[in-house]
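Peer 1: My questions will all concern the structure given below.
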Amino acid sequence: MPGLPYVSLVSTPSKRAATLELAAEIERRGFPGIAVPSLGDTMALCTSLAHVTSTVRLVTAIQPIYRSSANEIASTAAYLHEVSGGRFALGLGVSHQAMNKRVHGARPGRPLQDVREYVEAMRAGERFTGPLPPVLLATLRDRMLSLAVDVAQGALWANASRRAVAAQLDRVPGVRSDGFWLANMIPCVIDEDRRAAAAVNRRTMTTYVGLPNYRNAWREAGYVEEMDAVEAVLAAGERERLPEVMSDQWLADCTLYGSIDEVRAGLEGWRDIGVEPIAVMSSTSGGQHHAIRQLFEAYH
């Protein structure tokens with residue numbers, strides 16, 4: 001049996017207690033880690049997770065830097081590092097320009113400079129907060145990955161092209177250093193009806209193809225025709241047509257879907273190139289909790 005992946009976990013209103021119970025089950029079943037994406041309050045959920053688990057690793061994937069000050073996040077991160085017994089890692093990122101303005105009311109500056117200064121400010125306060133956990137940077141393209149090698153202990157992708165990341169790891173010096181952690185958040189749907197599973201992932205990816213930074217990364221990965229088609233649909237104001245222009249090749253490179261064996265093999269494929277897979281589960285027949293239980297079945 002191949003190694004188990006990390007599991008992405010979101011806490012939604014009215015299901016928060018059930019989410020903590022599910023996290024405890026993720027740990028009991030031997031999954032190595034839980035990744036908490038930026039939906040809701042990542043740090044609050046990680047704090048609760050630190051108290052209801054004892055061995056599973058925890059990581060924010062990611063905590064947006066424009067949502068809270070460096071001092072505030074450093075204090076919480078140091079607390080989590082201590083009370084979790086060193087199981088916590090702080091994934092940081094700039095998020096997306098449209099979301100920063102609409103949701104957080106932030107006006108981002110220069111991402112590379114802002115991230116570097118944020119990490120420096122956090123570390124400058126360690127004498128007050130106590131030791132910080134490992135810091136990971138959200139990355140899509142080479143310059144942010146190089147910054148992660150320079151100032152952090154790891155890098156996180158989301159919805160990445162596996163063929164592009166494999167080449168990227170060879171382009172950026174220091175990425176394969178011992179102890180430098182690499183991981184990717186991968187949309188996954190388990191269903192014997194491969195077409196139905198693909199349709200769910202296409203709906204999931206509709207949000208991401210609408211973001212310029214993702215489109216630029218996928219262009220660099222070779223999906224120029226697909227991104228041209230996406231931009232034409234967006235320019236026409238026809239977002240409902242986005243799934244139509246997502247090619248099977250692109251979707252299979254950036255997400256996983258199909259039978260248990262297909263999804264499990266796809267997750268292992270990411271590990272084969274040196275990147276820890278994080279399963280972001282959806283389902284054709286239920287919500288997040290149901291989808292994660294399908295993942296349980298895939299490994300037990």
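Scheme for the structure tokens: letters A, B, ... for chains in order shown; per-chain residue numbers from 1; ligand numbers from 1 in order shown.
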Go through segment 33-190 of chain A and collect every residue that DSSP, computed from the backbone, puts in helix (DSSP H, G or I); the answer should be as an NGL selection string.

Peer 2: :A and (42-52 or 70-83 or 97-102 or 111-124 or 126-129 or 142-151 or 162-171)

Peer 1: Can you list, as a ChimeraX atom specification, every protein, DNA or RNA residue that comes within 6 Å of segment 21-36 of chain A when you count only C-alpha atoms, leaving out same-chain residues fewer than 5 positions away?

Peer 2: /A:4,6-9,42,53,56-61

Peer 1: By how many Å are atom CA of Leu182 of chain A and atom CA of Gly274 of chain A apart?

Peer 2: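 Result for atom CA of Leu182 of chain A versus atom CA of Gly274 of chain A: 7.2 Å, one decimal.
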
Peer 1: Looking at A:Thr206, A:Ser259, A:Asn184, A:Thr12, which one is nearest to Gly287 of chain A, with distances taken over only C-alpha atoms?

Peer 2: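 Looking only at the distances to Gly287 of chain A, the closest residue turns out to be A:Thr12.
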
Peer 1: What gap, in Å, lies between atom CA of Leu169 of chain A and atom CA of Tyr223 of chain A?

Peer 2: 18.8 Å

Peer 1: Of the residues A:His81, A:Arg141, A:Arg123, A:Arg110, which is the one nearest to Arg219 of chain A, using only C-alpha atoms?

Peer 2: A:Arg141

Peer 1: When distances are computed from only C-alpha atoms, which of A:Arg176, A:Arg293, A:Arg203, A:Arg264 shows the smallest separation from Pro243 of chain A?

Peer 2: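 With only C-alpha atoms as the atom set, the closest residue is A:Arg203.
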
Peer 1: In segment 55-252 of chain A, what's strand (DSSP E or B) per DSSP? Answer as a PDB file with C-alpha atoms, in the first residue's frame?

Peer 2:
```
ATOM      1  CA  ARG A  57       1.143  17.181  11.608  1.00  0.00           C
ATOM      2  CA  LEU A  58      -0.715  20.454  10.991  1.00  0.00           C
ATOM      3  CA  VAL A  59      -0.108  23.103   8.362  1.00  0.00           C
ATOM      4  CA  THR A  60      -1.860  26.241   7.145  1.00  0.00           C
ATOM      5  CA  GLN A  63      -2.518  31.875   5.874  1.00  0.00           C
ATOM      6  CA  PRO A  64      -2.787  35.057   3.729  1.00  0.00           C
ATOM      7  CA  PHE A  88       2.677  22.749  13.308  1.00  0.00           C
ATOM      8  CA  ALA A  89       4.036  24.445  10.165  1.00  0.00           C
ATOM      9  CA  LEU A  90       3.011  27.918   9.035  1.00  0.00           C
ATOM     10  CA  GLY A  91       2.177  28.140   5.346  1.00  0.00           C
ATOM     11  CA  LEU A  92       2.072  31.776   4.216  1.00  0.00           C
ATOM     12  CA  GLY A  93       1.050  33.334   0.932  1.00  0.00           C
ATOM     13  CA  VAL A 135       7.636  28.561   7.579  1.00  0.00           C
ATOM     14  CA  LEU A 136       6.406  27.450   4.152  1.00  0.00           C
ATOM     15  CA  LEU A 137       5.636  29.759   1.242  1.00  0.00           C
ATOM     16  CA  ALA A 138       2.799  29.383  -1.247  1.00  0.00           C
ATOM     17  CA  GLY A 154       9.392  24.642   2.427  1.00  0.00           C
ATOM     18  CA  ALA A 155       7.024  25.496  -0.420  1.00  0.00           C
ATOM     19  CA  LEU A 156       3.372  24.804  -1.128  1.00  0.00           C
ATOM     20  CA  TRP A 157       1.627  24.645  -4.486  1.00  0.00           C
ATOM     21  CA  ALA A 158      -2.100  24.398  -5.152  1.00  0.00           C
ATOM     22  CA  TRP A 181       9.462  20.409   2.452  1.00  0.00           C
ATOM     23  CA  LEU A 182       7.447  20.446  -0.758  1.00  0.00           C
ATOM     24  CA  ALA A 183       3.702  19.847  -1.031  1.00  0.00           C
ATOM     25  CA  ASN A 184       0.786  20.404  -3.405  1.00  0.00           C
ATOM     26  CA  MET A 185      -2.937  20.824  -2.731  1.00  0.00           C
ATOM     27  CA  ILE A 186      -4.685  18.565  -5.269  1.00  0.00           C
ATOM     28  CA  PRO A 187      -8.438  18.575  -5.991  1.00  0.00           C
ATOM     29  CA  CYS A 188      -9.537  14.922  -5.818  1.00  0.00           C
ATOM     30  CA  VAL A 189     -12.827  13.151  -6.586  1.00  0.00           C
ATOM     31  CA  ILE A 190     -13.279   9.397  -6.182  1.00  0.00           C
TER      32      ILE A 190
END
```

Peer 1: Between atom CA of Pro111 of chain A and atom CA of Ala164 of chain A, measure the distance and give it in Å to one decimal.

Peer 2: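 Atom CA of Ala164 of chain A lies at a distance of 21.6 Å from atom CA of Pro111 of chain A.
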
Peer 1: Between A:Thr207, A:Asn159, A:Gln249, A:Thr19, which residue has the minimum interatomic distance to Leu234 of chain A, considering only C-alpha atoms?

Peer 2: A:Thr207

Peer 1: Which of these residues is nearest to Ile62 of chain A, using only C-alpha atoms: A:Leu49, A:Met43, A:Val83, A:Ala232?

Peer 2: A:Met43

Peer 1: Might you pull out every residue within 12 Å of Ser146 of chain A, with only C-alpha atoms counted and same-chain residues fewer than 3 positions away left off, and present them as an mmCIF file with N, CA and C atoms, in the first residue's frame?

Peer 2:
```cif
data_model
loop_
_atom_site.group_PDB
_atom_site.id
_atom_site.type_symbol
_atom_site.label_atom_id
_atom_site.label_comp_id
_atom_site.auth_asym_id
_atom_site.auth_seq_id
_atom_site.Cartn_x
_atom_site.Cartn_y
_atom_site.Cartn_z
ATOM 1 N N LEU A 112 6.705 39.457 -3.869
ATOM 2 C CA LEU A 112 7.980 38.909 -3.400
ATOM 3 C C LEU A 112 8.541 39.738 -2.253
ATOM 4 N N ARG A 116 8.840 38.550 1.776
ATOM 5 C CA ARG A 116 10.148 38.578 2.431
ATOM 6 C C ARG A 116 10.095 39.439 3.700
ATOM 7 N N LEU A 137 6.183 28.705 2.092
ATOM 8 C CA LEU A 137 5.636 29.759 1.242
ATOM 9 C C LEU A 137 4.796 29.164 0.117
ATOM 10 N N ALA A 138 3.620 29.754 -0.097
ATOM 11 C CA ALA A 138 2.799 29.383 -1.247
ATOM 12 C C ALA A 138 3.505 29.839 -2.511
ATOM 13 N N THR A 139 3.586 28.937 -3.473
ATOM 14 C CA THR A 139 4.317 29.266 -4.688
ATOM 15 C C THR A 139 3.614 28.688 -5.894
ATOM 16 N N LEU A 140 3.752 29.345 -7.018
ATOM 17 C CA LEU A 140 3.324 28.795 -8.298
ATOM 18 C C LEU A 140 4.483 28.804 -9.292
ATOM 19 N N ARG A 141 5.268 29.891 -9.268
ATOM 20 C CA ARG A 141 6.298 30.076 -10.296
ATOM 21 C C ARG A 141 7.682 30.189 -9.665
ATOM 22 N N ASP A 142 8.702 30.261 -10.519
ATOM 23 C CA ASP A 142 10.074 30.081 -10.069
ATOM 24 C C ASP A 142 10.540 31.124 -9.058
ATOM 25 N N ARG A 143 10.171 32.382 -9.243
ATOM 26 C CA ARG A 143 10.720 33.421 -8.353
ATOM 27 C C ARG A 143 10.241 33.257 -6.917
ATOM 28 N N VAL A 149 13.159 29.019 -0.938
ATOM 29 C CA VAL A 149 14.453 28.400 -0.654
ATOM 30 C C VAL A 149 15.320 29.341 0.177
ATOM 31 N N ASP A 150 15.192 30.637 -0.075
ATOM 32 C CA ASP A 150 16.029 31.640 0.588
ATOM 33 C C ASP A 150 15.599 31.925 2.022
ATOM 34 N N VAL A 151 14.271 32.011 2.270
ATOM 35 C CA VAL A 151 13.829 32.507 3.578
ATOM 36 C C VAL A 151 12.955 31.524 4.362
ATOM 37 N N ALA A 152 12.595 30.392 3.781
ATOM 38 C CA ALA A 152 11.642 29.495 4.440
ATOM 39 C C ALA A 152 12.182 28.072 4.500
ATOM 40 N N GLN A 153 11.345 27.193 5.021
ATOM 41 C CA GLN A 153 11.731 25.790 5.168
ATOM 42 C C GLN A 153 10.948 24.860 4.240
ATOM 43 N N GLY A 154 10.149 25.468 3.348
ATOM 44 C CA GLY A 154 9.392 24.642 2.427
ATOM 45 C C GLY A 154 8.541 25.490 1.511
ATOM 46 N N ALA A 155 7.869 24.810 0.561
ATOM 47 C CA ALA A 155 7.024 25.496 -0.420
ATOM 48 C C ALA A 155 5.758 24.690 -0.646
ATOM 49 N N GLN A 168 10.172 22.339 -12.820
ATOM 50 C CA GLN A 168 10.476 23.490 -11.966
ATOM 51 C C GLN A 168 11.461 23.108 -10.871
ATOM 52 N N LEU A 169 11.318 21.936 -10.325
ATOM 53 C CA LEU A 169 12.211 21.499 -9.251
ATOM 54 C C LEU A 169 13.653 21.387 -9.726
ATOM 55 N N ASP A 170 13.825 21.128 -11.003
ATOM 56 C CA ASP A 170 15.179 21.043 -11.553
ATOM 57 C C ASP A 170 15.748 22.418 -11.902
ATOM 58 N N ARG A 171 14.877 23.404 -12.088
ATOM 59 C CA ARG A 171 15.340 24.748 -12.471
ATOM 60 C C ARG A 171 15.801 25.582 -11.284
ATOM 61 N N VAL A 172 15.214 25.346 -10.111
ATOM 62 C CA VAL A 172 15.473 26.223 -8.959
ATOM 63 C C VAL A 172 16.471 25.561 -8.012
ATOM 64 N N PRO A 173 17.665 26.122 -7.868
ATOM 65 C CA PRO A 173 18.681 25.528 -6.996
ATOM 66 C C PRO A 173 18.218 25.470 -5.539
ATOM 67 N N GLY A 174 18.587 24.417 -4.862
ATOM 68 C CA GLY A 174 18.326 24.296 -3.432
ATOM 69 C C GLY A 174 16.995 23.690 -3.072
ATOM 70 N N VAL A 175 16.108 23.476 -4.059
ATOM 71 C CA VAL A 175 14.777 22.961 -3.748
ATOM 72 C C VAL A 175 14.840 21.552 -3.182
ATOM 73 N N ARG A 176 15.752 20.769 -3.687
ATOM 74 C CA ARG A 176 15.830 19.370 -3.260
ATOM 75 C C ARG A 176 16.747 19.167 -2.055
#
```

Peer 1: With only C-alpha atoms as the atoms that count, which of A:Pro133, A:Ser38, A:Ala50, A:Met281 lies nearest to Ala78 of chain A?

Peer 2: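 Of A:Pro133, A:Ser38, A:Ala50, A:Met281, the one nearest Ala78 of chain A, counting only C-alpha atoms, is A:Pro133.
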
Peer 1: Can you tell me which residues surround Glu126 of chain A at a distance of at most 10 Å, considering only C-alpha atoms, apart from same-chain residues fewer than 6 positions away, and format the answer as a list in words?

Peer 2: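 Selected residues are Asn71, Ala74, Ser75, Ala78 and Leu132 of chain A.
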
Peer 1: At a cut-off of 10 Å, using only C-alpha atoms, what residues contact Gln294 of chain A? Leave out same-chain residues fewer than 5 positions from it and give the result as a list in words.

Peer 2: Val189, Ile190, Asp191, Ile260, Met281, Ser282, Ser283, Gln288, His289 and Tyr299 of chain A
